[in-house]
Amino acid sequence: MDPRLHQLFVLNIALQLFDGVATYQGLRLHWCEGNPLLVATMPALGIGSTLLLFKAKACGFLVLLRRAGERSLPYAQESLIAIATAYTFLSFVPWMSRLISLLAA
């Protein structure tokens with residue numbers, strides 16, 4: 001097992017969990033969700049069920065990507081890096097800036 005692949009996998013799972021919890025808490029504070037797919041699904045399934053469904057799907061995809069990396073398929077690590085980078089800049093940084101602004105208020 002490649003330790004770097006495992007570390008990237010764990011990082012991506014942690015980012016997914018953070019995004020799900022931060023989104024749930026943000027919506028409880030009446031903040032807006034930026035993902036139009038989530039916004040469209042929430043009225044039908046509810047906030048918790050929608051987040052659970054989408055995060056389970058994302059984590060399942062990460063498991064498949066990790067398994068592909070174990071089989072030495074090309075670009076598995078690069079894909080995990082790209083996903084982690086996207087979630088860091090499109091989820092983690094915006095949510096953390098909003099949460100930190102609550103502390104400053």
# chains A, B, ... in the order shown; residues from 1 in each chain; ligands from 1
$ residues_around --residues "A:Gly60" --least-positions-apart "6" --cutoff "12 Å" --atoms "only C-alpha atoms" --output "list in words"
Phe9, Asn12, Ile13, Gln16, Leu52, Leu53, Phe54, Arg66 and Arg67 of chain A
$ write_last_selection --atoms "C-alpha atoms" --output "mmCIF file, in the first residue's frame"
data_model
loop_
_atom_site.group_PDB
_atom_site.id
_atom_site.type_symbol
_atom_site.label_atom_id
_atom_site.label_comp_id
_atom_site.auth_asym_id
_atom_site.auth_seq_id
_atom_site.Cartn_x
_atom_site.Cartn_y
_atom_site.Cartn_z
ATOM 1 C CA PHE A 9 -7.492 9.497 0.636
ATOM 2 C CA ASN A 12 -10.177 13.911 1.034
ATOM 3 C CA ILE A 13 -12.496 12.016 3.390
ATOM 4 C CA GLN A 16 -15.854 15.748 2.702
ATOM 5 C CA LEU A 52 -25.863 12.455 3.628
ATOM 6 C CA LEU A 53 -26.695 11.186 0.133
ATOM 7 C CA PHE A 54 -24.281 13.515 -1.673
ATOM 8 C CA ARG A 66 -8.155 4.862 -3.947
ATOM 9 C CA ARG A 67 -8.714 1.280 -5.099
#
$ residues_around --residues "A:Gly34" --least-positions-apart "5" --cutoff "10 Å" --atoms "only C-alpha atoms" --output "PyMOL selection string"
chain A and resi 23+39+90-91
$ select_by_dssp --residues "chain A" --states "helix (DSSP H, G or I)" --output "PyMOL selection string"
chain A and resi 3-28+36-45+47-70+76-104
$ write_last_selection --atoms "C-alpha atoms" --output "compact mmCIF listing (two decimals), in the first residue's frame"
# COMPACT_ATOMS: atom_id res chain seq x y z
CA PRO A 3 1.35 5.68 2.10
CA ARG A 4 0.96 8.86 0.03
CA LEU A 5 -2.16 7.49 -1.64
CA HIS A 6 -3.58 6.61 1.77
CA GLN A 7 -2.80 10.07 3.17
CA LEU A 8 -4.48 11.76 0.22
CA PHE A 9 -7.49 9.50 0.64
CA VAL A 10 -7.81 10.34 4.35
CA LEU A 11 -7.38 14.05 3.61
CA ASN A 12 -10.18 13.91 1.03
CA ILE A 13 -12.50 12.02 3.39
CA ALA A 14 -11.80 14.62 6.11
CA LEU A 15 -12.58 17.44 3.67
CA GLN A 16 -15.85 15.75 2.70
CA LEU A 17 -16.84 15.36 6.35
CA PHE A 18 -15.92 18.96 7.09
CA ASP A 19 -17.92 20.18 4.10
CA GLY A 20 -20.98 18.18 5.13
CA VAL A 21 -20.93 19.35 8.75
CA ALA A 22 -20.12 22.96 7.83
CA THR A 23 -22.88 23.02 5.22
CA TYR A 24 -25.40 21.60 7.68
CA GLN A 25 -24.42 24.11 10.37
CA GLY A 26 -24.36 26.97 7.86
CA LEU A 27 -27.84 26.15 6.63
CA ARG A 28 -29.05 26.07 10.24
CA PRO A 36 -27.24 24.21 -7.28
CA LEU A 37 -27.65 20.42 -7.25
CA LEU A 38 -27.91 20.41 -3.46
CA VAL A 39 -30.27 23.39 -3.49
CA ALA A 40 -32.55 21.63 -6.00
CA THR A 41 -32.58 18.36 -4.04
CA MET A 42 -33.04 19.75 -0.52
CA PRO A 43 -36.77 20.57 -0.84
CA ALA A 44 -37.52 16.99 -1.88
CA LEU A 45 -35.28 15.08 0.55
CA ILE A 47 -31.26 19.05 4.36
CA GLY A 48 -29.83 16.14 6.33
CA SER A 49 -30.82 13.44 3.86
CA THR A 50 -29.53 15.42 0.90
CA LEU A 51 -26.17 16.06 2.52
CA LEU A 52 -25.86 12.46 3.63
CA LEU A 53 -26.69 11.19 0.13
CA PHE A 54 -24.28 13.51 -1.67
CA LYS A 55 -21.44 13.03 0.82
CA ALA A 56 -21.88 9.24 0.75
CA LYS A 57 -21.66 9.35 -3.03
CA ALA A 58 -18.53 11.51 -2.89
CA CYS A 59 -16.88 9.23 -0.31
CA GLY A 60 -17.79 6.17 -2.38
CA PHE A 61 -16.13 7.78 -5.39
CA LEU A 62 -13.03 8.43 -3.27
CA VAL A 63 -12.94 4.75 -2.24
CA LEU A 64 -13.09 3.71 -5.89
CA LEU A 65 -10.34 6.17 -6.76
CA ARG A 66 -8.15 4.86 -3.95
CA ARG A 67 -8.71 1.28 -5.10
CA ALA A 68 -7.76 2.32 -8.61
CA GLY A 69 -4.54 3.80 -7.24
CA GLU A 70 -3.73 0.55 -5.47
CA ALA A 76 -5.14 8.28 -9.16
CA GLN A 77 -2.86 10.34 -6.91
CA GLU A 78 -3.10 13.37 -9.16
CA SER A 79 -6.90 13.09 -9.10
CA LEU A 80 -6.94 12.94 -5.30
CA ILE A 81 -4.66 15.99 -5.18
CA ALA A 82 -6.94 17.89 -7.57
CA ILE A 83 -10.06 16.99 -5.56
CA ALA A 84 -8.42 17.99 -2.27
CA THR A 85 -7.27 21.28 -3.79
CA ALA A 86 -10.75 22.03 -5.13
CA TYR A 87 -12.44 21.26 -1.79
CA THR A 88 -9.85 23.28 0.10
CA PHE A 89 -10.40 26.41 -1.97
CA LEU A 90 -14.12 26.00 -2.76
CA SER A 91 -15.32 24.67 0.59
CA PHE A 92 -12.83 24.75 3.46
CA VAL A 93 -11.55 28.31 2.97
CA PRO A 94 -14.99 29.90 2.41
CA TRP A 95 -16.61 28.07 5.34
CA MET A 96 -13.71 28.80 7.67
CA SER A 97 -13.76 32.48 6.74
CA ARG A 98 -17.49 32.63 7.51
CA LEU A 99 -17.08 30.76 10.79
CA ILE A 100 -14.15 32.93 11.85
CA SER A 101 -16.21 36.04 11.04
CA LEU A 102 -18.72 34.85 13.66
CA LEU A 103 -15.96 34.82 16.26
CA ALA A 104 -14.85 38.33 15.32
$ decode --residues "stretch 25-64 of chain A" --atoms "C-alpha atoms" --output "PDB file, in the first residue's frame"
ATOM      1  CA  GLN A  25     -24.419  24.114  10.368  1.00  0.00           C
ATOM      2  CA  GLY A  26     -24.357  26.970   7.860  1.00  0.00           C
ATOM      3  CA  LEU A  27     -27.838  26.147   6.633  1.00  0.00           C
ATOM      4  CA  ARG A  28     -29.047  26.068  10.239  1.00  0.00           C
ATOM      5  CA  LEU A  29     -27.749  29.649  10.507  1.00  0.00           C
ATOM      6  CA  HIS A  30     -29.740  30.496   7.320  1.00  0.00           C
ATOM      7  CA  TRP A  31     -26.674  30.869   5.118  1.00  0.00           C
ATOM      8  CA  CYS A  32     -27.032  30.011   1.446  1.00  0.00           C
ATOM      9  CA  GLU A  33     -25.752  26.839  -0.195  1.00  0.00           C
ATOM     10  CA  GLY A  34     -23.704  27.455  -3.326  1.00  0.00           C
ATOM     11  CA  ASN A  35     -24.169  24.048  -4.990  1.00  0.00           C
ATOM     12  CA  PRO A  36     -27.239  24.212  -7.275  1.00  0.00           C
ATOM     13  CA  LEU A  37     -27.647  20.420  -7.250  1.00  0.00           C
ATOM     14  CA  LEU A  38     -27.914  20.409  -3.464  1.00  0.00           C
ATOM     15  CA  VAL A  39     -30.274  23.386  -3.494  1.00  0.00           C
ATOM     16  CA  ALA A  40     -32.546  21.629  -5.999  1.00  0.00           C
ATOM     17  CA  THR A  41     -32.577  18.358  -4.044  1.00  0.00           C
ATOM     18  CA  MET A  42     -33.041  19.748  -0.522  1.00  0.00           C
ATOM     19  CA  PRO A  43     -36.766  20.566  -0.838  1.00  0.00           C
ATOM     20  CA  ALA A  44     -37.519  16.991  -1.879  1.00  0.00           C
ATOM     21  CA  LEU A  45     -35.276  15.075   0.554  1.00  0.00           C
ATOM     22  CA  GLY A  46     -34.566  17.547   3.332  1.00  0.00           C
ATOM     23  CA  ILE A  47     -31.256  19.053   4.356  1.00  0.00           C
ATOM     24  CA  GLY A  48     -29.835  16.141   6.334  1.00  0.00           C
ATOM     25  CA  SER A  49     -30.816  13.438   3.859  1.00  0.00           C
ATOM     26  CA  THR A  50     -29.532  15.421   0.895  1.00  0.00           C
ATOM     27  CA  LEU A  51     -26.171  16.064   2.523  1.00  0.00           C
ATOM     28  CA  LEU A  52     -25.863  12.455   3.628  1.00  0.00           C
ATOM     29  CA  LEU A  53     -26.695  11.186   0.133  1.00  0.00           C
ATOM     30  CA  PHE A  54     -24.281  13.515  -1.673  1.00  0.00           C
ATOM     31  CA  LYS A  55     -21.439  13.027   0.818  1.00  0.00           C
ATOM     32  CA  ALA A  56     -21.876   9.237   0.753  1.00  0.00           C
ATOM     33  CA  LYS A  57     -21.662   9.351  -3.034  1.00  0.00           C
ATOM     34  CA  ALA A  58     -18.527  11.510  -2.895  1.00  0.00           C
ATOM     35  CA  CYS A  59     -16.883   9.231  -0.309  1.00  0.00           C
ATOM     36  CA  GLY A  60     -17.790   6.173  -2.384  1.00  0.00           C
ATOM     37  CA  PHE A  61     -16.129   7.775  -5.388  1.00  0.00           C
ATOM     38  CA  LEU A  62     -13.028   8.430  -3.269  1.00  0.00           C
ATOM     39  CA  VAL A  63     -12.940   4.753  -2.239  1.00  0.00           C
ATOM     40  CA  LEU A  64     -13.088   3.715  -5.893  1.00  0.00           C
TER      41      LEU A  64
END
